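Q: Right, I'll just put the structure down here and ask away after.
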Amino acid sequence: MQNSKLSMKIALALVYFVFAILLNSVGTVILQVILSFSVAETEASVLEAFKDLTIAGTSFLIAPFLPRIGYKRALLGAVALAGVACCLMPLQPSFNMAKVLFFLCGFAFAFAKVSIYSSVALVTNDAREHASFMSVVEGVFMVGVLSGYWIFSFFIDAQNPESPSWLKVYWLLAGLCAVTVVAVLVTPFSEPEVSKDEKVNFGEDFAKMVKLMIRPLVLIFILSAFLYVLIEQGIGTWLPTFNNKILGLPSAMSVQATSIFAATLAFGRLSAGSVLKRFGWYKVLNMALVSMGVLVVVTLPLTEGLSPNPDMTWSSAPVAAFIFPLIGLFMSPIYPALSSVMLSSLPKRMHSSMTGLIVIFSALGGSTGSIITGYVFGHFSGQTAFYFSLIPICGLLVTIFFFRRATKDLISPEEQTFGSAGH
């Protein structure tokens with residue numbers, strides 16, 4: 001039984017790793033379509049929407065009844081579709097095909113993320129283990145993001161950044177999707193118990209999700225998730241362009257420097273479990289948000305007045321290129337901690353619907369953050385665009401205060417003890 005759970009955990013992590021590379025390549029792709037296809041910043045920003053709005057819409061449609069489809073079948077179809085999308089991009093290289101790529105990957109990821117988040121409860125035994133594995137899964141996701149920056153940068157022609165040679169990376173990613181399909185196929189999966197006489201009723205399924213959404217606790221949570229992802233995606237998506245246009249780093253180096261952001265997020269999430277066991281999640285999240293705000297205020301003034309330098313090396317790069325991405329370390333525990341607290345507050349039968357809401361509002365937050373950041377970047381400056389993150393940071397300080405109060409009313413005394421210690 002333990003071996004079965006372990007192999008299922010590995011398969012879930014591998015699927016998440018693949019989608020991390022694909023979905024978070026949007027920042028790199030935005031920079032490259034600007035260079036290769038002469039697309040404006042404001043126009044390129046819609047790639048995030050093609051990804052995130054598709055994720056949101058698909059999650060809304062499939063989340064309530066996904067257990068009836070089966071998590072294994074959903075994951076197999078999702079990864080296979082992502083592989084097809086990867087093959088299309090180098091065959092028809094254009095900005096429009098980039099839109100199709102992120103649309104298909106967003107559609108597939110909705111199935112994958114709802115399946116993965118809902119499966120966490122099936123491979124863990126209690127709230128403590130749930131929170132721990134959730135942090136590991138999100139940590140693996142960030143390792144995928146980190147790997148993606150270096151994989152893409154390897155295919156970018158440093159001497160001719162406008163060259164479409166970077167599109168060859170998609171053949172490698174298509175191969176990775178094929179390997180993942182095989183891995184999921186041979187893995188035995190635990191599936192949620194669904195009564196045989198239980199028929200699919202779309203109206204009833206949506207009604208359950210809407211009823212869940214109007215709970216005060218859930219409303220506060222989805223607002224918190226929205227604000228967090230708005231910050232993370234706004235920074236993560238536009239950091240390669242910020243490095244190139246504001247800090248003056250060469251194209252390939254701009255992408256590589258963004259990996260510092262992904263690395264700090266990965267390290268923070270993989271180590272969040274031990275940190276949250278020693279300190280309460282509410283205390284950790286408040287300290288993290290305040291630290292994020294301080295880093296923004298202290299670092300951005302260092303980015304003023306810098307000039308492009310095609311011969312720049314790591315030793316001559318501006319100090320801001322190394323300091324600002326460290327914001328990922330402070331934001332790393334926020335999303336998995338909030339998600340785990342929310343899911344652990346609900347019975348397992350509601351996890352699929354709740355995960356659907358998490359995915360929907362995370363996607364909406366990511367799309368909103370990218371579009372707003374892109375608009376401000378194009379019409380004002382990159383510094384102004386990143387200063388904007390201070391507004392949702394302050395908003396999160398408010399929402400998690402009310403989220404903590406709401407969870408106290410639902411969680412049992414034993415779980416409250418755990419929650420205060422590290423949920």
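In the structure tokens, each chain is lettered A, B, ... as it comes, each chain's residues begin at 1, and ligands are numbered from 1 in order of appearance.
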Residues of segment 215-272 of chain A that approach segment 335-354 of chain A to 12 Å or less, counting only C-alpha atoms: could you list each one with the shortest pair of atoms and its distance in Å to one decimal, rows by chain and increasing residue number, as a tab-separated table?
A:
residue	atom	partner	partner_atom	distance
A:Arg215	CA	A:Met354	CA	11.4
A:Pro216	CA	A:Met342	CA	11.9
A:Leu217	CA	A:Met342	CA	8.3
A:Val218	CA	A:Met342	CA	7.6
A:Leu219	CA	A:Met342	CA	10.9
A:Ile220	CA	A:Met342	CA	10.2
A:Phe221	CA	A:Met342	CA	7.3
A:Ile222	CA	A:Ser339	CA	9.5
A:Leu223	CA	A:Leu338	CA	11.2
A:Ser224	CA	A:Leu338	CA	8.2
A:Ala225	CA	A:Tyr335	CA	6.8
A:Phe226	CA	A:Tyr335	CA	10.0
A:Leu227	CA	A:Tyr335	CA	10.2
A:Tyr228	CA	A:Tyr335	CA	7.0
A:Val229	CA	A:Tyr335	CA	8.1
A:Leu230	CA	A:Tyr335	CA	11.5
A:Ile231	CA	A:Tyr335	CA	11.2
A:Glu232	CA	A:Tyr335	CA	9.8
A:Leu265	CA	A:Tyr335	CA	10.8
A:Ala266	CA	A:Pro336	CA	11.8
A:Gly268	CA	A:Pro336	CA	10.8
A:Arg269	CA	A:Pro336	CA	7.8
A:Leu270	CA	A:Pro336	CA	10.5
A:Ser271	CA	A:Pro336	CA	11.8
A:Ala272	CA	A:Ala337	CA	8.6
Q: For the selection just defined, write its residues with C-alpha atoms to a file, as a CSV table (one decimal), in the first residue's frame.
A:
chain,number,residue,atom,x,y,z
A,215,ARG,CA,-19.3,30.4,2.2
A,216,PRO,CA,-17.5,33.3,3.9
A,217,LEU,CA,-14.3,31.2,4.5
A,218,VAL,CA,-14.1,30.2,0.9
A,219,LEU,CA,-14.8,33.8,-0.3
A,220,ILE,CA,-11.9,35.1,1.8
A,221,PHE,CA,-9.6,32.3,0.6
A,222,ILE,CA,-10.3,32.8,-3.1
A,223,LEU,CA,-9.7,36.5,-2.8
A,224,SER,CA,-6.4,35.7,-1.0
A,225,ALA,CA,-5.4,33.2,-3.8
A,226,PHE,CA,-6.3,35.7,-6.4
A,227,LEU,CA,-4.1,38.4,-4.9
A,228,TYR,CA,-1.2,36.1,-4.3
A,229,VAL,CA,-1.1,34.8,-7.9
A,230,LEU,CA,-1.6,38.3,-9.2
A,231,ILE,CA,1.7,39.2,-7.5
A,232,GLU,CA,3.6,36.0,-8.4
A,265,LEU,CA,10.5,29.8,-4.8
A,266,ALA,CA,11.5,26.2,-5.2
A,268,GLY,CA,11.3,28.1,-0.1
A,269,ARG,CA,8.5,25.7,-0.9
A,270,LEU,CA,10.5,22.6,-0.4
A,271,SER,CA,11.7,23.8,3.0
A,272,ALA,CA,8.4,25.4,4.0
Q: Tell me, as a list in words, which residues lie within 7 Å of Lys99 of chain A, counting only C-alpha atoms; anything in the same chain fewer than 4 positions away does not count.
A: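 Selected residues are Leu47, Phe50, Phe95 and Phe103 of chain A.
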Q: Export, as an mmCIF file, in the first residue's frame, the selected residues with C-alpha atoms.
A:
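Okay, this is what ended up in selection_25.cif:
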data_model
loop_
_atom_site.group_PDB
_atom_site.id
_atom_site.type_symbol
_atom_site.label_atom_id
_atom_site.label_comp_id
_atom_site.auth_asym_id
_atom_site.auth_seq_id
_atom_site.Cartn_x
_atom_site.Cartn_y
_atom_site.Cartn_z
ATOM 1 C CA LEU A 47 -0.400 35.144 -23.908
ATOM 2 C CA PHE A 50 -4.771 32.605 -23.301
ATOM 3 C CA PHE A 95 2.598 34.674 -32.493
ATOM 4 C CA PHE A 103 -4.648 27.790 -24.939
#
Q: For Thr241 of chain A, which residue among A:Ala44, A:Leu329, A:Ala63, A:Met89 is the nearest when counting only C-alpha atoms?
A: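 Of A:Ala44, A:Leu329, A:Ala63, A:Met89, the one nearest Thr241 of chain A is A:Ala44, counting only C-alpha atoms.
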Q: Could you state the separation of atom CA of Ala178 of chain A and atom CA of Val79 of chain A in Å, given to one decimal place?
A: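 Rounded to one decimal, the two atoms are 7.9 Å apart.
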Q: Pull the closest atom pair for each residue of segment 249-347 of chain A that gets at most 10 Å from segment 378-383 of chain A, along with the distance in Å to one decimal, counting only C-alpha atoms, ordering rows by chain and then ascending residue number, as JSON lines.
A:
{"residue": "A:Val296", "atom": "CA", "partner": "A:Gln383", "partner_atom": "CA", "distance": 9.6}
{"residue": "A:Thr299", "atom": "CA", "partner": "A:Gln383", "partner_atom": "CA", "distance": 9.9}
{"residue": "A:Leu300", "atom": "CA", "partner": "A:Gln383", "partner_atom": "CA", "distance": 6.3}
{"residue": "A:Pro301", "atom": "CA", "partner": "A:Gln383", "partner_atom": "CA", "distance": 8.1}
{"residue": "A:Leu302", "atom": "CA", "partner": "A:Gln383", "partner_atom": "CA", "distance": 9.9}
{"residue": "A:Thr303", "atom": "CA", "partner": "A:Gln383", "partner_atom": "CA", "distance": 7.5}
{"residue": "A:Glu304", "atom": "CA", "partner": "A:Gln383", "partner_atom": "CA", "distance": 8.0}
Q: Grab the residues selected above and save them as an mmCIF file, in the first residue's frame with N, CA and C atoms.
A:
data_model
loop_
_atom_site.group_PDB
_atom_site.id
_atom_site.type_symbol
_atom_site.label_atom_id
_atom_site.label_comp_id
_atom_site.auth_asym_id
_atom_site.auth_seq_id
_atom_site.Cartn_x
_atom_site.Cartn_y
_atom_site.Cartn_z
ATOM 1 N N VAL A 296 10.866 45.147 -2.354
ATOM 2 C CA VAL A 296 10.444 45.954 -3.504
ATOM 3 C C VAL A 296 10.905 47.395 -3.340
ATOM 4 N N THR A 299 14.927 47.625 -3.432
ATOM 5 C CA THR A 299 15.663 47.189 -4.622
ATOM 6 C C THR A 299 15.370 48.004 -5.874
ATOM 7 N N LEU A 300 14.121 48.357 -6.127
ATOM 8 C CA LEU A 300 13.772 49.007 -7.388
ATOM 9 C C LEU A 300 14.505 50.329 -7.648
ATOM 10 N N PRO A 301 14.798 51.144 -6.621
ATOM 11 C CA PRO A 301 15.585 52.353 -6.900
ATOM 12 C C PRO A 301 16.966 52.046 -7.501
ATOM 13 N N LEU A 302 17.490 50.820 -7.261
ATOM 14 C CA LEU A 302 18.799 50.444 -7.801
ATOM 15 C C LEU A 302 18.758 50.169 -9.297
ATOM 16 N N THR A 303 17.541 50.095 -9.870
ATOM 17 C CA THR A 303 17.405 49.762 -11.292
ATOM 18 C C THR A 303 17.307 51.002 -12.181
ATOM 19 N N GLU A 304 17.347 52.178 -11.615
ATOM 20 C CA GLU A 304 17.219 53.415 -12.392
ATOM 21 C C GLU A 304 18.514 53.738 -13.145
#
Q: Calculate how many Å separate atom CA of Ala112 of chain A from atom CA of Pro240 of chain A, rounding to one decimal.
A: 26.6 Å
Q: Would you compute the distance between atom CA of Val18 of chain A and atom CA of Val186 of chain A? Give it in Å to one decimal.
A: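 Atom CA of Val18 of chain A sits 17.3 Å away from atom CA of Val186 of chain A.
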